[in-house]
file coords-v8.cif (mmCIF, C-alpha atoms (C1' of nucleotides))
data_model
#
loop_
_atom_site.label_atom_id
_atom_site.label_comp_id
_atom_site.auth_asym_id
_atom_site.auth_seq_id
_atom_site.Cartn_x
_atom_site.Cartn_y
_atom_site.Cartn_z
CA MET Y 1210 0.16 30.89 8.63
CA GLU Y 1211 3.55 30.97 6.90
CA PRO Y 1212 4.84 27.43 6.70
CA THR Y 1213 8.12 27.20 8.59
CA ASP Y 1214 11.27 25.95 6.96
CA THR Y 1215 10.92 22.55 8.62
CA GLU Y 1216 7.32 22.25 7.48
CA LYS Y 1217 8.38 23.01 3.92
CA ARG Y 1218 11.07 20.36 4.05
CA ILE Y 1219 8.54 17.86 5.37
CA LEU Y 1220 6.08 18.62 2.58
CA GLN Y 1221 8.81 18.32 -0.03
CA ALA Y 1222 10.00 15.01 1.40
CA ALA Y 1223 6.48 13.67 1.79
CA THR Y 1224 5.57 14.56 -1.79
CA LEU Y 1225 8.63 12.70 -3.01
CA VAL Y 1226 7.91 9.60 -0.95
CA PHE Y 1227 4.15 9.51 -1.51
CA GLU Y 1228 4.67 9.83 -5.26
CA ARG Y 1229 7.27 7.10 -5.31
CA ASP Y 1230 5.67 4.62 -2.92
CA GLY Y 1231 1.98 5.53 -2.72
CA PHE Y 1232 0.11 6.23 0.50
CA LEU Y 1233 0.27 2.67 1.81
CA GLY Y 1234 3.84 2.11 0.72
CA ALA Y 1235 5.10 5.39 2.19
CA ARG Y 1236 6.84 5.07 5.57
CA MET Y 1237 6.80 7.87 8.09
CA GLN Y 1238 10.39 7.01 9.02
CA VAL Y 1239 11.47 7.38 5.39
CA ILE Y 1240 9.74 10.75 5.08
CA ALA Y 1241 11.41 11.89 8.30
CA ASP Y 1242 14.83 10.75 7.06
CA GLU Y 1243 14.27 12.50 3.74
CA ALA Y 1244 13.35 15.70 5.59
CA GLY Y 1245 16.34 15.33 7.92
CA ILE Y 1246 14.34 15.16 11.15
CA SER Y 1247 13.18 12.48 13.57
CA LYS Y 1248 9.99 10.53 13.16
CA ALA Y 1249 8.73 12.04 16.42
CA SER Y 1250 9.23 15.53 14.99
CA LEU Y 1251 7.37 14.55 11.87
CA HIS Y 1252 4.43 13.51 14.04
CA TYR Y 1253 4.75 16.78 15.92
CA TYR Y 1254 4.05 18.73 12.69
CA PHE Y 1255 1.50 16.33 11.23
CA ARG Y 1256 -0.17 14.19 13.82
CA THR Y 1257 -1.02 11.35 11.43
CA LYS Y 1258 -0.02 10.05 8.03
CA GLU Y 1259 -3.52 10.83 6.77
CA LYS Y 1260 -3.32 14.48 7.79
CA LEU Y 1261 0.01 14.77 6.02
CA PHE Y 1262 -1.43 13.15 2.91
CA ASP Y 1263 -4.46 15.43 2.99
CA ARG Y 1264 -2.20 18.45 2.98
CA ILE Y 1265 -0.25 17.17 -0.03
CA PHE Y 1266 -3.52 16.39 -1.78
CA ASP Y 1267 -4.91 19.87 -1.15
CA ASP Y 1268 -1.73 21.60 -2.27
CA TYR Y 1269 -1.76 19.55 -5.45
CA THR Y 1270 -5.36 20.24 -6.39
CA ALA Y 1271 -4.76 23.91 -5.62
CA SER Y 1272 -1.94 23.95 -8.16
CA ILE Y 1273 -4.36 22.94 -10.91
CA VAL Y 1274 -6.98 25.58 -10.19
CA PRO Y 1275 -5.16 28.52 -11.85
CA LEU Y 1276 -5.14 26.62 -15.15
CA LEU Y 1277 -8.91 26.56 -15.22
CA SER Y 1278 -9.01 30.32 -15.65
CA THR Y 1279 -7.63 29.70 -19.15
CA TRP Y 1280 -11.22 29.17 -20.27
CA GLU Y 1281 -12.60 32.16 -18.47
CA ASP Y 1282 -10.51 35.18 -19.38
CA GLY Y 1283 -8.17 36.51 -22.03
CA THR Y 1284 -8.81 37.23 -25.65
CA ASP Y 1285 -6.86 34.42 -27.27
CA GLU Y 1286 -8.37 32.34 -30.03
CA TRP Y 1287 -9.74 29.03 -28.81
CA GLN Y 1288 -6.91 27.12 -30.50
CA GLU Y 1289 -4.42 29.08 -28.43
CA LYS Y 1290 -6.38 28.41 -25.27
CA VAL Y 1291 -6.37 24.69 -25.96
CA ARG Y 1292 -2.63 24.69 -26.56
CA HIS Y 1293 -2.00 26.73 -23.43
CA PHE Y 1294 -4.20 24.54 -21.26
CA VAL Y 1295 -2.82 21.26 -22.56
CA LYS Y 1296 0.78 22.31 -22.09
CA GLY Y 1297 0.06 23.67 -18.63
CA LEU Y 1298 -1.75 20.53 -17.56
CA MET Y 1299 0.97 18.27 -18.89
CA ARG Y 1300 3.60 20.28 -17.09
CA VAL Y 1301 1.77 19.92 -13.77
CA PHE Y 1302 1.27 16.21 -14.33
CA SER Y 1303 4.90 15.67 -15.26
CA GLU Y 1304 6.11 17.53 -12.17
CA ASN Y 1305 3.77 15.84 -9.72
CA SER Y 1306 2.55 12.33 -10.41
CA LEU Y 1307 -1.20 11.93 -10.34
CA LEU Y 1308 -0.97 8.16 -9.94
CA PHE Y 1309 -0.81 7.89 -6.17
CA MET Y 1310 -3.69 10.32 -5.80
CA ALA Y 1311 -5.88 8.36 -8.21
CA GLN Y 1312 -5.00 5.18 -6.34
CA GLU Y 1313 -5.94 6.70 -3.00
CA LEU Y 1314 -9.09 8.25 -4.39
CA HIS Y 1315 -10.04 4.80 -5.62
CA ARG Y 1316 -9.09 2.91 -2.45
CA ASP Y 1317 -10.83 5.23 -0.02
CA PRO Y 1318 -13.18 7.59 -1.89
CA LYS Y 1319 -14.93 8.80 1.26
CA LYS Y 1320 -11.68 10.23 2.58
CA LEU Y 1321 -10.98 12.54 -0.34
CA GLU Y 1322 -14.20 13.08 -2.25
CA PRO Y 1323 -15.41 15.81 0.12
CA ARG Y 1324 -12.10 17.65 -0.32
CA MET Y 1325 -12.47 17.52 -4.09
CA ALA Y 1326 -16.08 18.59 -4.07
CA LYS Y 1327 -15.11 21.78 -2.26
CA ARG Y 1328 -13.04 22.88 -5.25
CA ARG Y 1329 -15.85 22.48 -7.71
CA THR Y 1330 -18.41 25.26 -7.85
CA GLY Y 1331 -20.62 25.78 -10.82
CA PRO Y 1332 -20.31 24.01 -14.16
CA ASN Y 1333 -16.96 22.99 -15.60
CA PRO Y 1334 -15.30 26.04 -17.23
CA PHE Y 1335 -14.26 24.16 -20.36
CA ILE Y 1336 -17.78 22.86 -20.93
CA THR Y 1337 -19.18 26.37 -20.60
CA TYR Y 1338 -16.51 27.80 -22.89
CA TYR Y 1339 -17.01 25.16 -25.58
CA GLU Y 1340 -20.78 25.59 -25.53
CA GLY Y 1341 -20.20 29.29 -26.17
CA LEU Y 1342 -18.00 28.59 -29.18
CA ARG Y 1343 -20.45 25.99 -30.39
CA ALA Y 1344 -23.35 28.45 -30.29
CA LYS Y 1345 -21.29 30.83 -32.39
CA GLY Y 1346 -20.55 28.08 -34.88
CA LEU Y 1347 -16.78 28.36 -34.34
CA VAL Y 1348 -16.19 24.72 -33.47
CA ARG Y 1349 -17.48 21.30 -34.30
CA ASP Y 1350 -21.09 20.80 -33.29
CA MET Y 1351 -20.83 18.09 -30.65
CA ASP Y 1352 -21.27 17.28 -26.96
CA PRO Y 1353 -18.17 18.74 -25.29
CA ARG Y 1354 -18.06 16.14 -22.53
CA PRO Y 1355 -16.25 13.46 -24.55
CA LEU Y 1356 -13.81 16.18 -25.56
CA LEU Y 1357 -13.20 17.05 -21.93
CA VAL Y 1358 -12.59 13.41 -21.08
CA ALA Y 1359 -10.29 12.94 -24.07
CA MET Y 1360 -8.36 16.08 -23.22
CA GLN Y 1361 -7.76 15.09 -19.62
CA SER Y 1362 -6.89 11.55 -20.68
CA ILE Y 1363 -4.37 12.67 -23.25
CA CYS Y 1364 -2.73 15.00 -20.72
CA ALA Y 1365 -2.75 12.77 -17.67
CA TYR Y 1366 -2.25 9.19 -18.80
CA PRO Y 1367 1.20 9.47 -20.37
CA SER Y 1368 2.70 10.52 -17.03
CA MET Y 1369 0.50 8.17 -14.99
CA ASN Y 1370 1.44 4.95 -16.72
CA PRO Y 1371 4.79 5.66 -18.38
CA LYS Y 1372 6.10 2.11 -18.07
CA MET Y 1373 3.34 0.55 -20.16
CA LEU Y 1374 3.43 3.29 -22.78
CA ALA Y 1375 7.21 3.17 -23.01
CA GLY Y 1376 6.80 -0.57 -23.53
CA SER Y 1377 4.29 -0.09 -26.33
CA LEU Y 1378 6.63 2.38 -27.98
CA ARG Y 1379 9.62 0.08 -27.45
CA MET Y 1380 11.45 2.87 -25.66
CA ASN Y 1381 13.63 2.94 -22.56
CA ASN Y 1382 12.97 5.47 -19.80
CA LYS Y 1383 15.27 8.12 -21.22
CA GLU Y 1384 13.85 7.90 -24.72
CA TYR Y 1385 10.32 8.04 -23.34
CA THR Y 1386 10.97 11.14 -21.26
CA ALA Y 1387 12.36 12.91 -24.31
CA PHE Y 1388 9.39 11.78 -26.39
CA ILE Y 1389 6.83 13.02 -23.88
CA THR Y 1390 8.36 16.49 -23.93
CA SER Y 1391 7.67 16.85 -27.62
CA TYR Y 1392 4.35 15.02 -27.26
CA ALA Y 1393 2.79 18.01 -25.51
CA ASP Y 1394 2.71 19.94 -28.80
CA ASP Y 1395 1.39 16.99 -30.77
CA ALA Y 1396 -1.29 16.33 -28.18
CA ALA Y 1397 -2.44 19.95 -28.37
CA ASP Y 1398 -2.63 19.74 -32.15
CA LEU Y 1399 -4.64 16.52 -32.02
CA LEU Y 1400 -7.10 18.09 -29.60
CA VAL Y 1401 -7.48 21.19 -31.76
CA ARG Y 1402 -8.17 18.85 -34.65
CA MET Y 1403 -10.91 17.10 -32.68
CA MET Y 1404 -12.70 20.37 -32.09
CA GLU Y 1405 -12.33 21.98 -35.48
CA LYS Y 1406 -15.36 22.21 -37.72
CA MET Z 1076 -2.22 -27.75 -16.07
CA GLU Z 1077 -5.97 -27.19 -15.75
CA PRO Z 1078 -6.51 -24.79 -12.88
CA THR Z 1079 -8.57 -26.51 -10.21
CA ASP Z 1080 -11.83 -25.08 -8.98
CA THR Z 1081 -10.19 -23.79 -5.82
CA GLU Z 1082 -7.43 -22.13 -7.80
CA LYS Z 1083 -10.00 -20.43 -10.01
CA ARG Z 1084 -11.85 -19.13 -6.98
CA ILE Z 1085 -8.62 -17.82 -5.53
CA LEU Z 1086 -7.74 -15.98 -8.74
CA GLN Z 1087 -11.20 -14.47 -8.93
CA ALA Z 1088 -11.08 -13.35 -5.32
CA ALA Z 1089 -7.53 -12.04 -5.63
CA THR Z 1090 -8.40 -10.03 -8.74
CA LEU Z 1091 -11.28 -8.43 -6.89
CA VAL Z 1092 -9.21 -7.54 -3.84
CA PHE Z 1093 -6.09 -6.40 -5.69
CA GLU Z 1094 -8.20 -4.15 -7.92
CA ARG Z 1095 -10.02 -2.66 -4.97
CA ASP Z 1096 -7.13 -2.28 -2.52
CA GLY Z 1097 -3.95 -2.40 -4.58
CA PHE Z 1098 -1.05 -4.74 -3.94
CA LEU Z 1099 0.00 -3.19 -0.66
CA GLY Z 1100 -3.55 -2.70 0.59
CA ALA Z 1101 -4.64 -6.24 -0.26
CA ARG Z 1102 -4.72 -8.63 2.70
CA MET Z 1103 -4.13 -12.35 2.23
CA GLN Z 1104 -6.79 -13.03 4.87
CA VAL Z 1105 -9.34 -10.99 2.92
CA ILE Z 1106 -8.52 -12.82 -0.31
CA ALA Z 1107 -8.85 -16.15 1.52
CA ASP Z 1108 -12.22 -15.12 2.99
CA GLU Z 1109 -13.44 -13.97 -0.41
CA ALA Z 1110 -12.42 -17.33 -1.89
CA GLY Z 1111 -14.03 -19.23 0.99
CA ILE Z 1112 -10.85 -20.93 2.18
CA SER Z 1113 -8.34 -20.48 4.99
CA LYS Z 1114 -5.31 -18.26 4.75
CA ALA Z 1115 -3.09 -21.31 5.11
CA SER Z 1116 -4.76 -22.89 2.10
CA LEU Z 1117 -4.23 -19.73 0.12
CA HIS Z 1118 -0.52 -19.96 0.88
CA TYR Z 1119 -0.60 -23.62 -0.12
CA TYR Z 1120 -1.70 -22.63 -3.65
CA PHE Z 1121 0.39 -19.47 -3.96
CA ARG Z 1122 3.36 -19.45 -1.66
CA THR Z 1123 3.61 -15.67 -1.47
CA LYS Z 1124 1.51 -12.59 -2.16
CA GLU Z 1125 3.96 -11.64 -4.90
CA LYS Z 1126 3.55 -14.94 -6.72
CA LEU Z 1127 -0.21 -14.52 -6.59
CA PHE Z 1128 0.07 -10.99 -7.92
CA ASP Z 1129 2.38 -12.09 -10.72
CA ARG Z 1130 -0.19 -14.62 -11.85
CA ILE Z 1131 -2.97 -12.01 -11.93
CA PHE Z 1132 -0.65 -9.66 -13.80
CA ASP Z 1133 0.21 -12.28 -16.40
CA ASP Z 1134 -3.41 -13.30 -16.93
CA TYR Z 1135 -4.35 -9.67 -17.41
CA THR Z 1136 -1.68 -8.84 -19.96
CA ALA Z 1137 -2.56 -12.07 -21.79
CA SER Z 1138 -6.15 -10.85 -22.12
CA ILE Z 1139 -4.99 -7.80 -24.06
CA VAL Z 1140 -2.83 -9.67 -26.56
CA PRO Z 1141 -5.68 -10.93 -28.80
CA LEU Z 1142 -6.75 -7.32 -29.43
CA LEU Z 1143 -3.40 -6.54 -31.01
CA SER Z 1144 -4.20 -8.87 -33.90
CA THR Z 1145 -6.77 -6.28 -34.97
CA TRP Z 1146 -3.95 -4.50 -36.77
CA GLU Z 1147 -2.52 -7.59 -38.36
CA ASP Z 1148 -5.30 -9.46 -40.07
CA GLY Z 1149 -8.75 -9.00 -41.56
CA THR Z 1150 -9.84 -6.91 -44.49
CA ASP Z 1151 -11.74 -4.16 -42.69
CA GLU Z 1152 -11.18 -0.53 -43.52
CA TRP Z 1153 -8.84 1.22 -41.11
CA GLN Z 1154 -11.72 3.19 -39.59
CA GLU Z 1155 -13.42 -0.07 -38.67
CA LYS Z 1156 -10.23 -1.42 -37.16
CA VAL Z 1157 -9.84 1.68 -35.00
CA ARG Z 1158 -13.42 1.42 -33.78
CA HIS Z 1159 -13.04 -2.29 -33.08
CA PHE Z 1160 -9.77 -1.84 -31.20
CA VAL Z 1161 -10.94 1.11 -29.14
CA LYS Z 1162 -14.15 -0.61 -28.07
CA GLY Z 1163 -12.29 -3.82 -27.25
CA LEU Z 1164 -9.66 -2.01 -25.23
CA MET Z 1165 -12.22 0.01 -23.31
CA ARG Z 1166 -14.18 -3.14 -22.52
CA VAL Z 1167 -11.07 -4.83 -21.10
CA PHE Z 1168 -10.19 -1.74 -19.09
CA SER Z 1169 -13.70 -1.39 -17.71
CA GLU Z 1170 -13.81 -5.06 -16.67
CA ASN Z 1171 -10.37 -5.11 -15.06
CA SER Z 1172 -8.94 -1.96 -13.55
CA LEU Z 1173 -5.50 -1.04 -14.82
CA LEU Z 1174 -4.86 1.29 -11.89
CA PHE Z 1175 -3.37 -1.13 -9.41
CA MET Z 1176 -1.10 -2.58 -12.08
CA ALA Z 1177 0.19 0.85 -13.07
CA GLN Z 1178 0.77 1.65 -9.41
CA GLU Z 1179 2.75 -1.55 -8.87
CA LEU Z 1180 4.68 -1.11 -12.10
CA HIS Z 1181 5.65 2.33 -10.84
CA ARG Z 1182 6.46 1.31 -7.27
CA ASP Z 1183 8.62 -1.67 -8.14
CA PRO Z 1184 9.48 -1.63 -11.86
CA LYS Z 1185 12.13 -4.32 -11.58
CA LYS Z 1186 9.56 -6.82 -10.41
CA LEU Z 1187 7.27 -6.57 -13.44
CA GLU Z 1188 9.24 -5.05 -16.30
CA PRO Z 1189 10.80 -8.39 -17.29
CA ARG Z 1190 7.33 -9.96 -17.43
CA MET Z 1191 6.09 -7.19 -19.73
CA ALA Z 1192 9.11 -7.30 -21.97
CA LYS Z 1193 8.45 -10.97 -22.70
CA ARG Z 1194 5.13 -10.07 -24.33
CA ARG Z 1195 6.68 -7.58 -26.70
CA THR Z 1196 8.38 -8.98 -29.75
CA GLY Z 1197 8.98 -6.91 -32.81
CA PRO Z 1198 7.64 -3.42 -33.43
CA ASN Z 1199 4.24 -2.31 -32.17
CA PRO Z 1200 1.52 -3.64 -34.52
CA PHE Z 1201 -0.37 -0.36 -34.64
CA ILE Z 1202 2.75 1.59 -35.58
CA THR Z 1203 3.49 -0.86 -38.39
CA TYR Z 1204 -0.11 -0.76 -39.60
CA TYR Z 1205 -0.31 3.03 -39.58
CA GLU Z 1206 2.98 3.37 -41.44
CA GLY Z 1207 1.52 1.10 -44.11
CA LEU Z 1208 -1.57 3.28 -44.48
CA ARG Z 1209 0.57 6.37 -44.46
CA ALA Z 1210 2.75 5.08 -47.28
CA LYS Z 1211 -0.39 4.48 -49.32
CA GLY Z 1212 -1.62 7.99 -48.58
CA LEU Z 1213 -4.76 6.77 -46.88
CA VAL Z 1214 -4.29 8.61 -43.60
CA ARG Z 1215 -2.86 11.82 -42.27
CA ASP Z 1216 0.87 12.12 -42.86
CA MET Z 1217 2.24 12.20 -39.33
CA ASP Z 1218 4.33 10.30 -36.77
CA PRO Z 1219 2.01 7.55 -35.49
CA ARG Z 1220 3.55 7.47 -32.02
CA PRO Z 1221 1.58 10.40 -30.59
CA LEU Z 1222 -1.51 8.74 -32.05
CA LEU Z 1223 -0.70 5.53 -30.24
CA VAL Z 1224 -0.21 7.39 -26.98
CA ALA Z 1225 -3.43 9.36 -27.45
CA MET Z 1226 -5.37 6.21 -28.29
CA GLN Z 1227 -4.20 4.33 -25.24
CA SER Z 1228 -4.76 7.37 -23.05
CA ILE Z 1229 -8.29 7.91 -24.28
CA CYS Z 1230 -9.10 4.23 -23.70
CA ALA Z 1231 -7.39 3.70 -20.36
CA TYR Z 1232 -7.64 6.90 -18.36
CA PRO Z 1233 -11.44 7.15 -18.02
CA SER Z 1234 -11.54 3.86 -16.14
CA MET Z 1235 -8.31 4.50 -14.25
CA ASN Z 1236 -9.29 7.77 -12.65
CA PRO Z 1237 -13.10 7.81 -12.71
CA LYS Z 1238 -13.46 9.86 -9.53
CA MET Z 1239 -11.63 12.89 -10.85
CA LEU Z 1240 -13.30 12.75 -14.24
CA ALA Z 1241 -16.72 12.30 -12.72
CA GLY Z 1242 -15.91 15.35 -10.62
CA SER Z 1243 -14.94 17.41 -13.66
CA LEU Z 1244 -18.18 16.39 -15.37
CA ARG Z 1245 -20.18 17.09 -12.19
CA MET Z 1246 -21.56 13.56 -12.29
CA ASN Z 1247 -22.20 10.98 -9.59
CA ASN Z 1248 -20.91 7.44 -9.97
CA LYS Z 1249 -24.04 6.14 -11.67
CA GLU Z 1250 -24.21 8.95 -14.18
CA TYR Z 1251 -20.52 8.55 -14.94
CA THR Z 1252 -20.81 4.82 -15.57
CA ALA Z 1253 -23.63 5.43 -18.02
CA PHE Z 1254 -21.67 8.19 -19.71
CA ILE Z 1255 -18.55 6.05 -20.17
CA THR Z 1256 -20.57 3.38 -21.94
CA SER Z 1257 -21.59 5.79 -24.66
CA TYR Z 1258 -18.15 7.42 -24.59
CA ALA Z 1259 -16.57 4.40 -26.28
CA ASP Z 1260 -18.24 5.32 -29.57
CA ASP Z 1261 -17.37 9.00 -29.26
CA ALA Z 1262 -13.77 8.16 -28.41
CA ALA Z 1263 -13.48 5.95 -31.49
CA ASP Z 1264 -14.88 8.75 -33.67
CA LEU Z 1265 -12.44 11.27 -32.23
CA LEU Z 1266 -9.53 8.96 -32.90
CA VAL Z 1267 -10.65 8.33 -36.47
CA ARG Z 1268 -10.84 12.10 -36.87
CA MET Z 1269 -7.25 12.47 -35.64
CA MET Z 1270 -6.01 10.08 -38.30
CA GLU Z 1271 -8.07 11.24 -41.27
CA LYS Z 1272 -6.36 13.16 -44.05
"C1'" DA A 723 -7.99 -51.83 7.47
"C1'" DA A 724 -3.84 -49.74 6.82
"C1'" DA A 725 -0.78 -47.18 4.23
"C1'" DC A 726 -0.65 -43.29 1.20
"C1'" DC A 727 -1.03 -38.59 -0.35
"C1'" DG A 728 -2.88 -34.26 -1.89
"C1'" DT A 729 -5.51 -30.81 0.54
"C1'" DT A 730 -7.00 -28.06 4.47
"C1'" DT A 731 -6.61 -25.65 8.76
"C1'" DG A 732 -5.94 -23.53 13.58
"C1'" DA A 733 -2.46 -21.87 16.09
"C1'" DC A 734 1.70 -19.61 16.15
"C1'" DT A 735 5.77 -16.41 15.11
"C1'" DA A 736 8.65 -12.69 13.56
"C1'" DT A 737 8.64 -8.39 11.80
"C1'" DT A 738 7.11 -4.09 10.52
"C1'" DT A 739 5.26 0.27 11.56
"C1'" DG A 740 2.09 4.25 13.00
"C1'" DG A 741 1.79 6.63 16.83
"C1'" DT A 742 2.93 8.16 21.95
"C1'" DC A 743 5.49 10.27 25.70
"C1'" DA A 744 8.56 11.89 29.04
"C1'" DA A 745 12.80 14.09 28.85
"C1'" DT A 746 15.78 17.46 26.73
"C1'" DC A 747 17.28 21.35 24.05
"C1'" DG A 748 17.80 26.16 23.11
"C1'" DA A 749 16.33 30.64 22.28
"C1'" DT A 750 13.87 34.43 24.52
"C1'" DT A 751 11.94 36.77 28.34
"C1'" DT A 752 11.69 38.07 33.17
"C1'" DA O 916 20.27 33.02 36.11
"C1'" DA O 917 15.90 31.24 36.33
"C1'" DA O 918 11.59 30.62 34.26
"C1'" DT O 919 9.12 29.89 29.99
"C1'" DC O 920 7.86 27.49 25.93
"C1'" DG O 921 7.95 25.80 21.31
"C1'" DA O 922 10.71 22.34 18.97
"C1'" DT O 923 13.11 17.89 19.01
"C1'" DT O 924 14.14 13.23 20.09
"C1'" DG O 925 15.20 8.27 21.72
"C1'" DA O 926 12.80 4.74 23.59
"C1'" DC O 927 8.82 2.44 23.68
"C1'" DC O 928 4.15 0.14 22.65
"C1'" DA O 929 0.16 -1.97 20.43
"C1'" DA O 930 -1.71 -3.61 16.37
"C1'" DA O 931 -1.51 -5.64 12.01
"C1'" DT O 932 -0.04 -9.12 8.96
"C1'" DA O 933 2.80 -12.31 5.73
"C1'" DG O 934 4.25 -16.57 6.18
"C1'" DT O 935 5.07 -21.37 8.77
"C1'" DC O 936 3.99 -25.89 10.54
"C1'" DA O 937 2.39 -29.91 12.63
"C1'" DA O 938 -1.80 -32.12 12.78
"C1'" DA O 939 -5.97 -33.67 10.71
"C1'" DC O 940 -9.04 -34.79 6.91
"C1'" DG O 941 -10.80 -37.62 3.14
"C1'" DG O 942 -10.57 -40.10 -0.90
"C1'" DT O 943 -7.90 -43.96 -3.20
"C1'" DT O 944 -4.87 -47.80 -3.48
"C1'" DT O 945 -2.66 -51.88 -1.51
#
call {"tool": "encode", "arguments": {"input": "coords-v8.cif", "output": "structure tokens"}}
result
Amino acid sequence: MEPTDTEKRILQAATLVFERDGFLGARMQVIADEAGISKASLHYYFRTKEKLFDRIFDDYTASIVPLLSTWEDGTDEWQEKVRHFVKGLMRVFSENSLLFMAQELHRDPKKLEPRMAKRRTGPNPFITYYEGLRAKGLVRDMDPRPLLVAMQSICAYPSMNPKMLAGSLRMNNKEYTAFITSYADDAADLLVRMMEK
Amino acid sequence: MEPTDTEKRILQAATLVFERDGFLGARMQVIADEAGISKASLHYYFRTKEKLFDRIFDDYTASIVPLLSTWEDGTDEWQEKVRHFVKGLMRVFSENSLLFMAQELHRDPKKLEPRMAKRRTGPNPFITYYEGLRAKGLVRDMDPRPLLVAMQSICAYPSMNPKMLAGSLRMNNKEYTAFITSYADDAADLLVRMMEK
DNA sequence: AAACCGTTTGACTATTTGGTCAATCGATTT
DNA sequence: AAATCGATTGACCAAATAGTCAAACGGTTT
């Protein structure tokens, strides 16, 4: 099932347009133009806009999965794991905007929830990992779930709502982009600090 | 300029529909139905969908402004201020979803950026406040900007992308809602911890 | 009771857009 | 060179929807 060259171009174009305009704002004609083909051809490869979106959604979630193994293997210290995971997550989120997926997940949960559920088997790897450290007395003795939420928030939000944050920081787009690059390290440090004894 | 009863009902209905469906997904007919009036009447009060959205947007940003005074007045200890601000922010975000506003700000920045800029005069109050504490040696000696970003992320993201977080935590909607209520306290503690010496 | 005026509405329009389809193209096989 | 077949497309359609407008409604003033 090698994706053909045309299919690749479609997926690239669709990702660009979906991220910029959202599912409802995206136009099949615009995606076709971006991919350099006709709208009819686009429908030949992906019969409907929803099927095209589903594919983008699946590819995206698949790109996050490898990061989860951070908590499962390797011999690094937990501080290193946190730094590695945070930087990896922020890189993914900066490359592909999560915003339009969150919006669509909110607007029509039934459409995508089953697809997400498929990815999740067993308990969350971070939770398991933290409970292990906690039992050994290596980290702060607390419920890891707020930590998980805080970690994902700190990684995801800055790229999801850049305009508001840039506003709070009194920065223009260029300044904000530069700031966020260095923020990854700071964020990792703050998270390590939250977990330390 | 007291808003009439009809106008209030329109704003209430529009908030509901915009939050649920986003700007592009919202239908003027649905908003009219929700408000118990005809679509023509809706257009009589707000000539276009954009003007209606702008009003909702302005009302929403106005509701956040009072919280910013947390950093400017009062005699509380800084830990108390952080707890107060975090809980206030999370309450606002849980009552009114930020997601559709972020989406619209991203899709058409030119439309809303001028409206946001008007609200922002002078430096960010938190930054100023933290620099004051820092000079007195009362908090950790670090750039407050990553702290500001982390604080807003921790407050906003859990209500912006509940489906994904609930998935990570292996919770259903009901469990997640309950969890987020108690999370406000945990989040405040974590943030205090980030700022402590 | 008639003129007035802010409010309300049903009916209508213009436009946008996802999706379809018959015809065509072009490379490969027979 | 003719048949085959996946890929491509221009032309088209049906549905959805933001916005308009003339008419009507109802309370108040003249």
call {"tool": "resolve_selection", "arguments": {"input": "coords-v8.cif", "expression": "the PyMOL selection byres ((chain Z) within 9 of (chain Y))", "output": "PyMOL selection string"}}
result
chain Z and resi 1094-1097+1099-1100+1174-1175+1177-1178+1180-1184+1188+1191-1192+1195+1197-1199+1202+1220-1233+1235-1240+1242-1245+1254-1255+1258+1261-1262+1265-1266+1268-1269
call {"tool": "resolve_selection", "arguments": {"input": "coords-v8.cif", "expression": "the PyMOL selection byres ((chain Z) within 10 of (chain A))", "output": "number ranges by chain"}}
result
Z: 1112-1117, 1119-1120
call {"tool": "resolve_selection", "arguments": {"input": "coords-v8.cif", "expression": "the PyMOL selection byres ((chain O) within 9 of (chain Y))", "output": "list in words"}}
result
DA922, DT923 and DT924 of chain O
call {"tool": "atom_distance", "arguments": {"input": "coords-v8.cif", "atom1": "atom CA of Lys1406 of chain Y", "atom2": "atom CA of Thr1256 of chain Z"}}
result
25.1 Å
call {"tool": "atom_distance", "arguments": {"input": "coords-v8.cif", "atom1": "atom CA of Tyr1205 of chain Z", "atom2": "atom CA of Val1348 of chain Y"}}
result
27.6 Å
call {"tool": "atom_distance", "arguments": {"input": "coords-v8.cif", "atom1": "atom CA of Phe1266 of chain Y", "atom2": "atom CA of Asn1305 of chain Y"}}
result
10.8 Å
call {"tool": "closest_residue", "arguments": {"input": "coords-v8.cif", "among": "Z:Thr1081, Z:Thr1123, Z:Ser1144, Z:Ser1172", "to": "DT935 of chain O", "atoms": "only C-alpha atoms (C1' of nucleotides)"}}
result
Z:Thr1123
call {"tool": "residues_around", "arguments": {"input": "coords-v8.cif", "residues": "segment 1125-1129 of chain Z", "least_positions_apart": "5", "cutoff": "9 Å", "atoms": "all atoms listed in the file", "output": "list of chain:residue names"}}
result
Z:Leu1086, Z:Ala1089, Z:Thr1090, Z:Phe1093, Z:Phe1098, Z:Tyr1120, Z:Asp1134, Z:Lys1186, Z:Leu1187, Z:Arg1190
call {"tool": "decode", "arguments": {"input": "coords-v8.cif", "residues": "segment 1296-1309 of chain Y", "atoms": "C-alpha atoms", "output": "tab-separated table (two decimals), in the first residue's frame"}}
result
chain	number	residue	atom	x	y	z
Y	1296	LYS	CA	11.01	18.53	23.53
Y	1297	GLY	CA	9.70	15.79	21.26
Y	1298	LEU	CA	6.10	16.68	21.95
Y	1299	MET	CA	6.69	20.36	21.40
Y	1300	ARG	CA	8.42	19.65	18.13
Y	1301	VAL	CA	5.47	17.62	16.87
Y	1302	PHE	CA	3.03	20.28	17.99
Y	1303	SER	CA	5.03	23.07	16.36
Y	1304	GLU	CA	5.25	21.17	13.07
Y	1305	ASN	CA	1.59	20.17	12.93
Y	1306	SER	CA	-1.01	22.34	14.58
Y	1307	LEU	CA	-3.25	20.52	17.02
Y	1308	LEU	CA	-5.86	23.26	16.95
Y	1309	PHE	CA	-7.99	22.10	14.04
